[in-house]
file structure35.pdb (PDB, C-alpha atoms)
ATOM      1  CA  MET D  32       0.000   0.000   0.000
ATOM      2  CA  ASN D  33       1.229   3.500  -0.846
ATOM      3  CA  THR D  34       2.063   5.267   2.408
ATOM      4  CA  GLU D  35       2.051   8.822   0.996
ATOM      5  CA  LEU D  36      -1.075  10.921   1.186
ATOM      6  CA  LYS D  37      -2.685  11.651  -2.145
ATOM      7  CA  THR D  38      -1.904  15.145  -3.413
ATOM      8  CA  LYS D  39      -4.147  17.519  -5.300
ATOM      9  CA  SER D  40      -2.985  16.071  -8.628
ATOM     10  CA  ASP D  41      -4.167  12.655  -7.463
ATOM     11  CA  THR D  42      -7.556  13.907  -6.358
ATOM     12  CA  LYS D  43      -8.395  16.048  -9.425
ATOM     13  CA  LEU D  44     -11.802  15.362 -10.903
ATOM     14  CA  THR D  45     -11.712  12.588 -13.468
ATOM     15  CA  GLU D  46     -13.686  12.893 -16.694
ATOM     16  CA  ASN D  47     -16.267  10.425 -15.382
ATOM     17  CA  THR D  48     -16.617  12.349 -12.143
ATOM     18  CA  GLN D  49     -17.012  15.652 -13.987
ATOM     19  CA  LYS D  50     -20.115  14.159 -15.578
ATOM     20  CA  LEU D  51     -21.578  13.779 -12.089
ATOM     21  CA  LEU D  52     -21.477  17.529 -11.450
ATOM     22  CA  CYS D  53     -24.794  19.340 -11.466
ATOM     23  CA  CYS D  54     -26.087  22.863 -11.022
ATOM     24  CA  PRO D  55     -26.273  23.741  -7.286
ATOM     25  CA  VAL D  56     -29.349  25.855  -7.993
ATOM     26  CA  CYS D  57     -31.603  23.402  -9.864
ATOM     27  CA  GLN D  58     -29.564  20.156 -10.080
ATOM     28  CA  SER D  59     -29.605  20.215 -13.887
ATOM     29  CA  GLN D  60     -26.653  19.218 -16.058
ATOM     30  CA  LEU D  61     -23.740  21.590 -16.601
ATOM     31  CA  GLU D  62     -21.738  22.307 -19.722
ATOM     32  CA  LEU D  63     -18.377  23.998 -20.213
ATOM     33  CA  VAL D  64     -18.711  27.333 -22.017
ATOM     34  CA  ASN D  65     -15.793  29.786 -22.284
ATOM     35  CA  SER D  66     -14.065  28.691 -19.074
ATOM     36  CA  HIS D  67     -17.362  28.674 -17.173
ATOM     37  CA  LEU D  68     -19.743  25.916 -16.262
ATOM     38  CA  GLU D  69     -23.254  26.858 -17.328
ATOM     39  CA  CYS D  70     -26.539  25.263 -16.381
ATOM     40  CA  LYS D  71     -28.281  23.599 -19.330
ATOM     41  CA  ASN D  72     -31.710  24.314 -17.864
ATOM     42  CA  SER D  73     -33.097  27.185 -19.963
ATOM     43  CA  GLN D  74     -35.138  28.444 -17.009
ATOM     44  CA  CYS D  75     -32.092  28.561 -14.735
ATOM     45  CA  LYS D  76     -29.088  29.490 -16.908
ATOM     46  CA  ALA D  77     -26.844  29.879 -13.866
ATOM     47  CA  SER D  78     -23.158  30.340 -14.658
ATOM     48  CA  PHE D  79     -20.227  29.295 -12.499
ATOM     49  CA  PRO D  80     -16.594  30.390 -12.922
ATOM     50  CA  ILE D  81     -13.587  28.099 -12.825
ATOM     51  CA  ILE D  82     -10.632  29.459 -10.854
ATOM     52  CA  SER D  83      -7.286  27.640 -11.050
ATOM     53  CA  LYS D  84      -9.111  24.643 -12.571
ATOM     54  CA  ILE D  85     -11.519  24.505  -9.609
ATOM     55  CA  PRO D  86     -15.220  25.153 -10.357
ATOM     56  CA  ILE D  87     -16.991  27.548  -7.992
ATOM     57  CA  LEU D  88     -20.369  25.841  -7.628
ATOM     58  CA  ILE D  89     -22.106  28.100  -5.119
ATOM     59  CA  ASN D  90     -25.830  28.832  -5.058
ATOM     60  CA  ASP D  91     -25.871  32.565  -4.329
ATOM     61  CA  SER D  92     -29.528  32.527  -3.317
ATOM     62  CA  SER D  93     -29.158  30.057  -0.436
ATOM     63  CA  SER D  94     -25.579  30.349   0.827
ATOM     64  CA  VAL D  95     -23.829  32.702   3.227
ATOM     65  CA  PHE D  96     -21.140  32.782   0.545
ATOM     66  CA  SER D  97     -21.433  34.182  -2.970
ATOM     67  CA  ILE D  98     -19.586  33.615  -6.217
ATOM     68  CA  SER D  99     -18.386  37.227  -6.106
ATOM     69  CA  ASP D 100     -16.535  36.447  -2.861
ATOM     70  CA  TYR D 101     -14.233  34.174  -4.833
ATOM     71  CA  LEU D 102     -13.926  36.456  -7.869
ATOM     72  CA  ASP D 103     -12.995  39.371  -5.571
ATOM     73  CA  ASN D 104     -10.695  37.120  -3.530
ATOM     74  CA  LYS D 105     -12.638  37.870  -0.332
ATOM     75  CA  ILE D 106     -12.516  34.131   0.360
ATOM     76  CA  SER D 107      -9.472  32.164  -0.740
ATOM     77  CA  THR D 108      -8.323  29.969   2.103
ATOM     78  CA  LEU D 109      -9.238  29.614   5.758
ATOM     79  CA  LYS D 110      -7.703  32.530   7.644
ATOM     80  CA  PRO D 111      -4.683  31.221   9.558
ATOM     81  CA  LYS D 112      -3.702  32.287  13.055
ATOM     82  CA  SER D 113      -1.028  34.967  13.254
ATOM     83  CA  LYS D 114       2.590  33.816  13.008
ATOM     84  CA  LEU D 115       3.216  34.878  16.591
ATOM     85  CA  GLU D 116       0.203  32.998  17.918
ATOM     86  CA  ARG D 117       1.151  29.868  15.978
ATOM     87  CA  LEU D 118       4.740  30.106  17.265
ATOM     88  CA  LEU D 119       3.622  30.463  20.872
ATOM     89  CA  ILE D 120       1.062  27.668  20.668
ATOM     90  CA  ASN D 121       3.445  25.252  18.923
ATOM     91  CA  LEU D 122       5.860  25.555  21.833
ATOM     92  CA  VAL D 123       3.442  24.007  24.328
ATOM     93  CA  PRO D 124       1.352  20.811  24.535
ATOM     94  CA  GLY D 125      -2.088  20.890  22.919
ATOM     95  CA  ILE D 126      -5.416  20.344  24.649
ATOM     96  CA  ASN D 127      -7.079  18.345  21.849
ATOM     97  CA  LEU D 128      -7.233  14.551  21.933
ATOM     98  CA  ASN D 129      -9.228  12.629  19.336
ATOM     99  CA  LEU D 130      -9.283   8.992  20.454
ATOM    100  CA  LYS D 131     -11.627   7.385  17.945
ATOM    101  CA  SER D 132     -11.276   8.891  14.460
ATOM    102  CA  LYS D 133      -8.418   6.720  13.190
ATOM    103  CA  THR D 134     -10.145   3.477  14.217
ATOM    104  CA  ASN D 135     -13.451   4.742  12.819
ATOM    105  CA  PHE D 136     -11.905   5.554   9.464
ATOM    106  CA  GLN D 137     -10.271   2.129   9.335
ATOM    107  CA  LYS D 138     -13.717   0.599   9.798
ATOM    108  CA  PHE D 139     -15.192   2.984   7.219
ATOM    109  CA  VAL D 140     -12.571   1.896   4.668
ATOM    110  CA  GLN D 141     -13.128  -1.820   5.366
ATOM    111  CA  LEU D 142     -16.873  -1.439   4.867
ATOM    112  CA  LEU D 143     -16.388   0.566   1.672
ATOM    113  CA  LEU D 144     -14.061  -1.968   0.084
ATOM    114  CA  LYS D 145     -16.294  -4.846   1.148
ATOM    115  CA  GLU D 146     -19.061  -3.453  -1.077
ATOM    116  CA  ASN D 147     -17.022  -1.955  -3.912
ATOM    117  CA  LYS D 148     -13.454  -2.522  -5.124
ATOM    118  CA  SER D 149     -13.131   1.085  -6.314
ATOM    119  CA  PRO D 150     -15.521   3.238  -4.267
ATOM    120  CA  ARG D 151     -15.979   6.968  -4.745
ATOM    121  CA  VAL D 152     -16.030   9.074  -1.568
ATOM    122  CA  LEU D 153     -17.026  12.707  -1.113
ATOM    123  CA  ILE D 154     -15.199  14.606   1.630
ATOM    124  CA  ILE D 155     -17.067  17.754   2.651
ATOM    125  CA  GLY D 156     -14.856  20.368   4.269
ATOM    126  CA  GLY D 157     -11.647  18.862   2.904
ATOM    127  CA  SER D 158      -9.446  21.964   2.724
ATOM    128  CA  VAL D 159      -8.004  20.908   6.090
ATOM    129  CA  VAL D 160      -7.004  17.258   6.521
ATOM    130  CA  GLY D 161      -9.194  15.822   9.272
ATOM    131  CA  GLN D 162      -8.022  14.136  12.459
ATOM    132  CA  GLY D 163      -7.326  10.431  12.005
ATOM    133  CA  ILE D 164      -8.429  10.384   8.354
ATOM    134  CA  GLU D 165      -5.170   8.915   7.049
ATOM    135  CA  PRO D 166      -6.522   5.334   6.704
ATOM    136  CA  LEU D 167      -8.915   6.704   4.077
ATOM    137  CA  LEU D 168      -6.378   8.909   2.294
ATOM    138  CA  LEU D 169      -3.840   6.105   1.955
ATOM    139  CA  VAL D 170      -5.977   3.692  -0.088
ATOM    140  CA  PRO D 171      -5.328   4.171  -3.829
ATOM    141  CA  GLU D 172      -8.414   2.151  -4.799
ATOM    142  CA  ILE D 173     -10.679   4.815  -3.287
ATOM    143  CA  GLU D 174     -11.457   7.837  -5.453
ATOM    144  CA  LEU D 175     -11.671  10.914  -3.259
ATOM    145  CA  ILE D 176     -13.571  14.043  -4.229
ATOM    146  CA  GLU D 177     -12.806  16.796  -1.731
ATOM    147  CA  THR D 178     -14.925  19.934  -1.509
ATOM    148  CA  ASP D 179     -15.044  22.997   0.715
ATOM    149  CA  VAL D 180     -16.061  26.642   0.759
ATOM    150  CA  ALA D 181     -12.351  27.541   0.876
ATOM    151  CA  PHE D 182      -9.497  26.662  -1.437
ATOM    152  CA  GLY D 183      -6.914  24.119  -0.343
ATOM    153  CA  ASP D 184      -4.269  21.860  -1.836
ATOM    154  CA  ARG D 185      -6.693  18.940  -2.001
ATOM    155  CA  ILE D 186      -9.883  20.705  -3.093
ATOM    156  CA  SER D 187     -11.531  19.732  -6.392
ATOM    157  CA  VAL D 188     -14.752  21.756  -6.136
ATOM    158  CA  ILE D 189     -15.768  24.827  -4.179
ATOM    159  CA  SER D 190     -19.273  24.149  -2.908
ATOM    160  CA  ASP D 191     -21.653  24.712  -0.007
ATOM    161  CA  ALA D 192     -23.027  21.575   1.669
ATOM    162  CA  HIS D 193     -26.540  23.040   1.565
ATOM    163  CA  ASN D 194     -26.485  22.473  -2.209
ATOM    164  CA  ILE D 195     -24.064  19.680  -3.052
ATOM    165  CA  PRO D 196     -23.352  20.009  -6.802
ATOM    166  CA  PHE D 197     -23.462  16.312  -7.660
ATOM    167  CA  VAL D 198     -26.295  14.300  -9.131
ATOM    168  CA  ASP D 199     -28.308  11.813  -7.078
ATOM    169  CA  SER D 200     -26.599   8.547  -6.055
ATOM    170  CA  SER D 201     -23.088   9.657  -7.032
ATOM    171  CA  PHE D 202     -21.088   8.355  -4.087
ATOM    172  CA  ASP D 203     -20.340   5.186  -2.137
ATOM    173  CA  GLY D 204     -19.405   7.194   0.930
ATOM    174  CA  VAL D 205     -19.489  10.706   2.371
ATOM    175  CA  VAL D 206     -17.277  12.115   5.117
ATOM    176  CA  VAL D 207     -18.390  15.257   6.953
ATOM    177  CA  GLN D 208     -15.963  15.774   9.822
ATOM    178  CA  ALA D 209     -16.190  18.889  12.030
ATOM    179  CA  VAL D 210     -18.370  20.653   9.448
ATOM    180  CA  LEU D 211     -22.026  20.505  10.473
ATOM    181  CA  GLU D 212     -21.528  22.955  13.342
ATOM    182  CA  HIS D 213     -20.419  25.508  10.739
ATOM    183  CA  VAL D 214     -23.501  25.365   8.488
ATOM    184  CA  VAL D 215     -26.685  27.353   9.083
ATOM    185  CA  ASP D 216     -29.001  24.422   8.327
ATOM    186  CA  PRO D 217     -27.417  21.066   9.219
ATOM    187  CA  ASN D 218     -30.652  19.181   8.484
ATOM    188  CA  ARG D 219     -30.635  20.491   4.933
ATOM    189  CA  CYS D 220     -26.983  19.453   4.527
ATOM    190  CA  VAL D 221     -27.664  15.908   5.750
ATOM    191  CA  GLU D 222     -30.610  15.682   3.336
ATOM    192  CA  GLU D 223     -28.167  16.564   0.559
ATOM    193  CA  ILE D 224     -25.713  13.932   1.786
ATOM    194  CA  HIS D 225     -28.511  11.364   1.723
ATOM    195  CA  ARG D 226     -29.415  12.419  -1.834
ATOM    196  CA  VAL D 227     -25.911  12.062  -3.325
ATOM    197  CA  LEU D 228     -25.255   8.679  -1.689
ATOM    198  CA  LYS D 229     -26.042   5.461  -3.497
ATOM    199  CA  PRO D 230     -28.486   3.070  -1.789
ATOM    200  CA  ASN D 231     -26.948   1.384   1.283
ATOM    201  CA  SER D 232     -23.856   3.578   1.057
ATOM    202  CA  LEU D 233     -21.944   4.989   4.024
ATOM    203  CA  VAL D 234     -21.683   8.273   5.882
ATOM    204  CA  TYR D 235     -19.168   9.220   8.572
ATOM    205  CA  SER D 236     -19.739  12.355  10.634
ATOM    206  CA  GLU D 237     -18.151  14.070  13.610
ATOM    207  CA  THR D 238     -19.669  17.057  15.401
ATOM    208  CA  PRO D 239     -18.765  18.937  18.593
ATOM    209  CA  PHE D 240     -20.829  19.050  21.747
ATOM    210  CA  MET D 241     -18.913  20.646  24.643
ATOM    211  CA  GLN D 242     -16.803  23.082  22.632
ATOM    212  CA  GLN D 243     -16.826  26.864  22.584
ATOM    213  CA  VAL D 244     -17.110  28.962  19.429
ATOM    214  CA  HIS D 245     -14.382  28.331  16.885
ATOM    215  CA  LEU D 246     -14.106  29.730  13.347
ATOM    216  CA  GLY D 247     -15.783  32.902  14.604
ATOM    217  CA  LYS D 248     -18.930  33.982  12.770
ATOM    218  CA  TYR D 249     -19.069  30.667  10.886
ATOM    219  CA  ASP D 250     -20.055  28.639  13.955
ATOM    220  CA  PHE D 251     -23.737  27.953  14.640
ATOM    221  CA  THR D 252     -24.724  24.674  16.299
ATOM    222  CA  ARG D 253     -23.804  21.965  18.814
ATOM    223  CA  PHE D 254     -25.165  18.410  19.100
ATOM    224  CA  THR D 255     -25.747  15.987  21.945
ATOM    225  CA  HIS D 256     -25.271  12.312  21.126
ATOM    226  CA  LEU D 257     -29.009  11.894  20.490
ATOM    227  CA  GLY D 258     -29.159  15.210  18.624
ATOM    228  CA  HIS D 259     -26.440  13.983  16.312
ATOM    229  CA  ARG D 260     -28.249  10.673  15.844
ATOM    230  CA  ARG D 261     -31.501  12.440  14.948
ATOM    231  CA  LEU D 262     -29.671  14.470  12.330
ATOM    232  CA  PHE D 263     -28.958  11.154  10.583
ATOM    233  CA  ARG D 264     -32.398   9.652  11.171
ATOM    234  CA  LYS D 265     -32.568   8.483   7.530
ATOM    235  CA  PHE D 266     -29.498   6.315   8.121
ATOM    236  CA  GLU D 267     -29.111   2.947   9.795
ATOM    237  CA  GLU D 268     -26.573   3.195  12.598
ATOM    238  CA  ILE D 269     -23.457   1.069  12.386
ATOM    239  CA  ASP D 270     -21.630   2.758  15.250
ATOM    240  CA  SER D 271     -21.691   5.983  17.242
ATOM    241  CA  GLY D 272     -20.257   7.453  20.399
ATOM    242  CA  ALA D 273     -17.815   9.965  21.821
ATOM    243  CA  VAL D 274     -14.824  10.847  19.681
ATOM    244  CA  CYS D 275     -13.283  13.359  22.118
ATOM    245  CA  GLY D 276     -13.996  13.072  25.830
ATOM    246  CA  PRO D 277     -14.920  15.218  28.847
ATOM    247  CA  GLY D 278     -11.295  15.803  29.798
ATOM    248  CA  MET D 279     -10.748  17.668  26.548
ATOM    249  CA  ALA D 280     -14.068  19.472  27.064
ATOM    250  CA  LEU D 281     -12.913  20.676  30.487
ATOM    251  CA  ALA D 282      -9.600  21.919  29.094
ATOM    252  CA  TRP D 283     -11.453  23.851  26.374
ATOM    253  CA  SER D 284     -13.782  25.436  28.949
ATOM    254  CA  TYR D 285     -10.847  26.489  31.123
ATOM    255  CA  GLN D 286      -9.012  27.999  28.152
ATOM    256  CA  TYR D 287     -12.052  29.917  26.922
ATOM    257  CA  PHE D 288     -12.812  31.125  30.467
ATOM    258  CA  LEU D 289      -9.374  32.747  30.542
ATOM    259  CA  LEU D 290      -9.764  34.087  26.988
ATOM    260  CA  SER D 291     -12.946  35.871  28.088
ATOM    261  CA  PHE D 292     -10.767  38.435  29.894
ATOM    262  CA  VAL D 293      -8.713  39.520  26.855
ATOM    263  CA  LYS D 294      -9.295  40.700  23.309
ATOM    264  CA  LYS D 295      -5.999  41.752  21.731
ATOM    265  CA  GLN D 296      -4.238  39.178  19.572
ATOM    266  CA  LEU D 297      -0.980  39.110  21.538
ATOM    267  CA  ALA D 298      -2.807  38.764  24.846
ATOM    268  CA  ARG D 299      -4.946  35.943  23.469
ATOM    269  CA  GLY D 300      -1.848  34.113  22.273
ATOM    270  CA  LEU D 301      -0.217  34.399  25.700
ATOM    271  CA  VAL D 302      -3.398  33.278  27.456
ATOM    272  CA  LYS D 303      -3.638  30.220  25.208
ATOM    273  CA  VAL D 304      -0.055  29.299  26.059
ATOM    274  CA  PHE D 305      -0.741  29.641  29.803
ATOM    275  CA  ALA D 306      -4.033  27.735  29.549
ATOM    276  CA  ARG D 307      -2.503  24.856  27.660
ATOM    277  CA  VAL D 308       0.563  24.559  29.889
ATOM    278  CA  THR D 309      -1.675  24.390  32.950
ATOM    279  CA  SER D 310      -4.467  22.169  31.578
ATOM    280  CA  PHE D 311      -3.129  19.908  28.808
ATOM    281  CA  TRP D 312      -3.012  16.974  31.222
ATOM    282  CA  LEU D 313      -6.810  16.952  31.575
ATOM    283  CA  LYS D 314      -7.208  15.353  28.144
ATOM    284  CA  TYR D 315      -5.423  12.196  29.308
ATOM    285  CA  PHE D 316      -8.375  11.317  31.550
ATOM    286  CA  ASP D 317     -10.228  10.600  28.305
ATOM    287  CA  TYR D 318      -8.277   7.375  27.777
ATOM    288  CA  TYR D 319     -10.200   6.080  30.768
ATOM    289  CA  LEU D 320     -13.470   7.973  30.263
ATOM    290  CA  ILE D 321     -14.101   7.775  26.517
ATOM    291  CA  ASN D 322     -16.404   4.718  26.652
ATOM    292  CA  LYS D 323     -18.019   5.412  30.022
ATOM    293  CA  PRO D 324     -21.807   6.018  30.113
ATOM    294  CA  GLY D 325     -21.335   9.472  31.652
ATOM    295  CA  THR D 326     -19.288  10.532  28.636
ATOM    296  CA  PHE D 327     -22.446  10.370  26.506
ATOM    297  CA  ASP D 328     -23.579  13.407  28.538
ATOM    298  CA  SER D 329     -20.303  15.322  28.641
ATOM    299  CA  ALA D 330     -18.065  14.563  25.651
ATOM    300  CA  SER D 331     -16.268  17.219  23.674
ATOM    301  CA  GLY D 332     -17.607  15.671  20.446
ATOM    302  CA  TYR D 333     -19.437  12.698  18.936
ATOM    303  CA  TYR D 334     -19.221  10.536  15.820
ATOM    304  CA  PHE D 335     -21.755   8.663  13.741
ATOM    305  CA  LEU D 336     -21.089   5.916  11.196
ATOM    306  CA  GLY D 337     -24.148   4.838   9.287
ATOM    307  CA  LYS D 338     -25.645   3.409   6.130
ATOM    308  CA  LYS D 339     -28.206   5.114   3.896
ATOM    309  CA  SER D 340     -31.642   3.691   4.506
ATOM    310  CA  GLU D 341     -35.182   4.185   3.286
ATOM    311  CA  LYS D 342     -36.436   3.878   6.865
ATOM    312  CA  ILE D 343     -36.661   6.929   9.113
ATOM    313  CA  LEU D 344     -35.800   6.654  12.803
ATOM    314  CA  SER D 345     -38.823   7.919  14.747
ATOM    315  CA  ASP D 346     -38.401  10.299  17.656
ATOM    316  CA  GLN D 347     -40.021   7.713  19.938
ATOM    317  CA  ASP D 348     -37.357   5.205  18.945
ATOM    318  CA  LEU D 349     -34.679   7.893  19.175
ATOM    319  CA  ILE D 350     -35.107   8.464  22.894
ATOM    320  CA  THR D 351     -34.741   4.732  23.601
ATOM    321  CA  LEU D 352     -31.155   5.043  22.344
ATOM    322  CA  TYR D 353     -30.031   7.263  25.230
ATOM    323  CA  ARG D 354     -26.877   5.810  26.793
ATOM    324  CA  GLY D 355     -25.958   8.435  29.399
ATOM    325  CA  THR D 356     -26.499   8.558  33.132
ATOM    326  CA  GLN D 357     -28.775  11.573  33.611
ATOM    327  CA  SER D 358     -32.217  11.229  35.149
ATOM    328  CA  SER D 359     -35.147  11.572  32.752
ATOM    329  CA  SER D 360     -37.292  13.437  35.313
ATOM    330  CA  PHE D 361     -38.059  17.103  34.751
TER     331      PHE D 361
END

call {"tool": "encode", "arguments": {"input": "structure35.pdb", "output": "structure tokens"}}
result
Amino acid sequence: MNTELKTKSDTKLTENTQKLLCCPVCQSQLELVNSHLECKNSQCKASFPIISKIPILINDSSSVFSISDYLDNKISTLKPKSKLERLLINLVPGINLNLKSKTNFQKFVQLLLKENKSPRVLIIGGSVVGQGIEPLLLVPEIELIETDVAFGDRISVISDAHNIPFVDSSFDGVVVQAVLEHVVDPNRCVEEIHRVLKPNSLVYSETPFMQQVHLGKYDFTRFTHLGHRRLFRKFEEIDSGAVCGPGMALAWSYQYFLLSFVKKQLARGLVKVFARVTSFWLKYFDYYLINKPGTFDSASGYYFLGKKSEKILSDQDLITLYRGTQSSSF
């Protein structure tokens, strides 16, 4: 097996995959016209630019982003932390600890290859390589299509998950890791994921629960374990649980408590250094706590691995799936 991660040149859209693209406005076919992709629906006629060989397939009418943002270079890549802040933070231990992603992705890959020798997988939010995702990136038999609202070395299409620009039943798997908290309508996005998956195909999702605001104004929602499960109510569960535990959640809360006192960039960088030096050890409790019942009430984040289904999990059945330790009395 090739042990190097696939680069952008490896993940470029193939000719067959290009045929799967559709208009994010009306889901009609697209055609290449003068370095633009144009909708073939005469009643739509939407036009989408191609920048550096990457199509910008954004539905202006239903996204917080617009095509003009990319033409005017208002959005190019995710805004990095300042050099000083990165330098300070890199000198000290981190407070994040993801204990489950790598194993989950190994299972995801095994299930994919069991059903299809050359599966096609959509990664939503792929401009940053996700935690533990390497088992998926290292398999040459899997065709990866990586999308995001920001450019990145691995991105093939700029798109918003509210309107995924691929035709129905295009993919054998979808990965949406640390994304659904950053969309205004996560239910709509999961409906789109369900639409572009083939029957009985796989989805893998991670969302935060006990985490403070990150990515600033592009942060909207948090999910309990059951809230996350309900989001994927049109999927049969294969596995779910905590991906990051309460120790990490406590370290985050401590750090953000201290950050509440400061605003300036330099001060925030120094506070983060102090917070991490004095609290990084809390995350190690998660090795013991990650599978405990109480963690279903207090985890930093949860995961869901499931299979597309025609059945819908009812809310009455949903509440029977509670695995925590809290009393149900009001």

call {"tool": "resolve_selection", "arguments": {"input": "structure35.pdb", "expression": "the PyMOL selection byres ((chain D and resi 123) around 10)", "output": "list in words"}}
result
Leu118, Leu119, Ile120, Asn121, Leu122, Pro124, Gly125, Ile126, Lys303, Val304, Phe305, Ala306, Arg307, Val308 and Phe311 of chain D

call {"tool": "resolve_selection", "arguments": {"input": "structure35.pdb", "expression": "the PyMOL selection byres ((chain D and resi 282-294) around 7)", "output": "VMD selection string"}}
result
chain D and resid 126 242 278 to 281 295 to 296 298 to 299 302 to 303 306 310 to 311 313

call {"tool": "atom_distance", "arguments": {"input": "structure35.pdb", "atom1": "atom CA of D:Ala181", "atom2": "atom CA of D:Asn194"}}
result
15.3 Å

call {"tool": "resolve_selection", "arguments": {"input": "structure35.pdb", "expression": "the PyMOL selection byres ((chain D and resi 250-267) around 9)", "output": "ChimeraX atom specification"}}
result
/D:211-218,221-222,225,231,233-234,236-242,244-249,268-269,271-273,327-330,332-346,349-350,352-354

call {"tool": "atom_distance", "arguments": {"input": "structure35.pdb", "atom1": "atom CA of D:Phe182", "atom2": "atom CA of D:Lys229"}}
result
27.0 Å

call {"tool": "closest_residue", "arguments": {"input": "structure35.pdb", "among": "D:Thr178, D:Ser78, D:Gln137, D:Ser200", "to": "D:Val159", "atoms": "only C-alpha atoms"}}
result
D:Thr178

call {"tool": "axis_aligned_box", "arguments": {"input": "structure35.pdb", "around": "stretch 200-205 of chain D", "padding_each_side": "3 Å", "output": "AutoDock Vina command-line options"}}
result
--center_x -23.0 --center_y 7.9 --center_z -2.3 --size_x 13.2 --size_y 11.5 --size_z 15.4

call {"tool": "residues_around", "arguments": {"input": "structure35.pdb", "residues": "D:Leu51", "least_positions_apart": "3", "cutoff": "9 Å", "atoms": "only C-alpha atoms", "output": "PyMOL selection string"}}
result
chain D and resi 47-48+60+196-199+201

call {"tool": "atom_distance", "arguments": {"input": "structure35.pdb", "atom1": "atom CA of D:Asn90", "atom2": "atom CA of D:Ile164"}}
result
28.7 Å

call {"tool": "residues_around", "arguments": {"input": "structure35.pdb", "residues": "D:Asp203", "least_positions_apart": "5", "cutoff": "9 Å", "atoms": "all atoms listed in the file", "output": "number ranges by chain"}}
result
D: 143, 146-147, 150-153, 227-234

call {"tool": "residues_near_point", "arguments": {"input": "structure35.pdb", "point": "(-11.2, 3.4, -4.3)", "cutoff": "12 Å", "atoms": "all atoms listed in the file", "output": "compact mmCIF listing (two decimals) with C-alpha atoms, keeping the file's coordinate frame"}}
result
# COMPACT_ATOMS: atom_id res chain seq x y z
CA THR D 42 -7.56 13.91 -6.36
CA VAL D 140 -12.57 1.90 4.67
CA GLN D 141 -13.13 -1.82 5.37
CA LEU D 142 -16.87 -1.44 4.87
CA LEU D 143 -16.39 0.57 1.67
CA LEU D 144 -14.06 -1.97 0.08
CA LYS D 145 -16.29 -4.85 1.15
CA GLU D 146 -19.06 -3.45 -1.08
CA ASN D 147 -17.02 -1.96 -3.91
CA LYS D 148 -13.45 -2.52 -5.12
CA SER D 149 -13.13 1.08 -6.31
CA PRO D 150 -15.52 3.24 -4.27
CA ARG D 151 -15.98 6.97 -4.74
CA VAL D 152 -16.03 9.07 -1.57
CA LEU D 153 -17.03 12.71 -1.11
CA LEU D 167 -8.91 6.70 4.08
CA LEU D 168 -6.38 8.91 2.29
CA LEU D 169 -3.84 6.10 1.96
CA VAL D 170 -5.98 3.69 -0.09
CA PRO D 171 -5.33 4.17 -3.83
CA GLU D 172 -8.41 2.15 -4.80
CA ILE D 173 -10.68 4.82 -3.29
CA GLU D 174 -11.46 7.84 -5.45
CA LEU D 175 -11.67 10.91 -3.26
CA ILE D 176 -13.57 14.04 -4.23
CA PHE D 202 -21.09 8.36 -4.09
CA ASP D 203 -20.34 5.19 -2.14
CA GLY D 204 -19.40 7.19 0.93

call {"tool": "closest_residue", "arguments": {"input": "structure35.pdb", "among": "D:Thr351, D:Ser93, D:Asn135, D:Asn127", "to": "D:Pro55", "atoms": "only C-alpha atoms"}}
result
D:Ser93

call {"tool": "closest_residue", "arguments": {"input": "structure35.pdb", "among": "D:Lys323, D:Ile189, D:Ser99, D:Val56", "to": "D:Glu69", "atoms": "all atoms listed in the file"}}
result
D:Val56

call {"tool": "closest_residue", "arguments": {"input": "structure35.pdb", "among": "D:Asp270, D:Asp348, D:Asp100, D:Asp179", "to": "D:Phe136", "atoms": "all atoms listed in the file"}}
result
D:Asp270

call {"tool": "residues_around", "arguments": {"input": "structure35.pdb", "residues": "D:Val188", "least_positions_apart": "4", "cutoff": "8 Å", "atoms": "only C-alpha atoms", "output": "count of residues only"}}
result
7

call {"tool": "closest_residue", "arguments": {"input": "structure35.pdb", "among": "D:Ser187, D:Ser83, D:Ser132, D:Thr309", "to": "D:Gln162", "atoms": "all atoms listed in the file"}}
result
D:Ser132

call {"tool": "closest_residue", "arguments": {"input": "structure35.pdb", "among": "D:His193, D:Gly161, D:Leu130, D:Ile154", "to": "D:Ile321", "atoms": "all atoms listed in the file"}}
result
D:Leu130
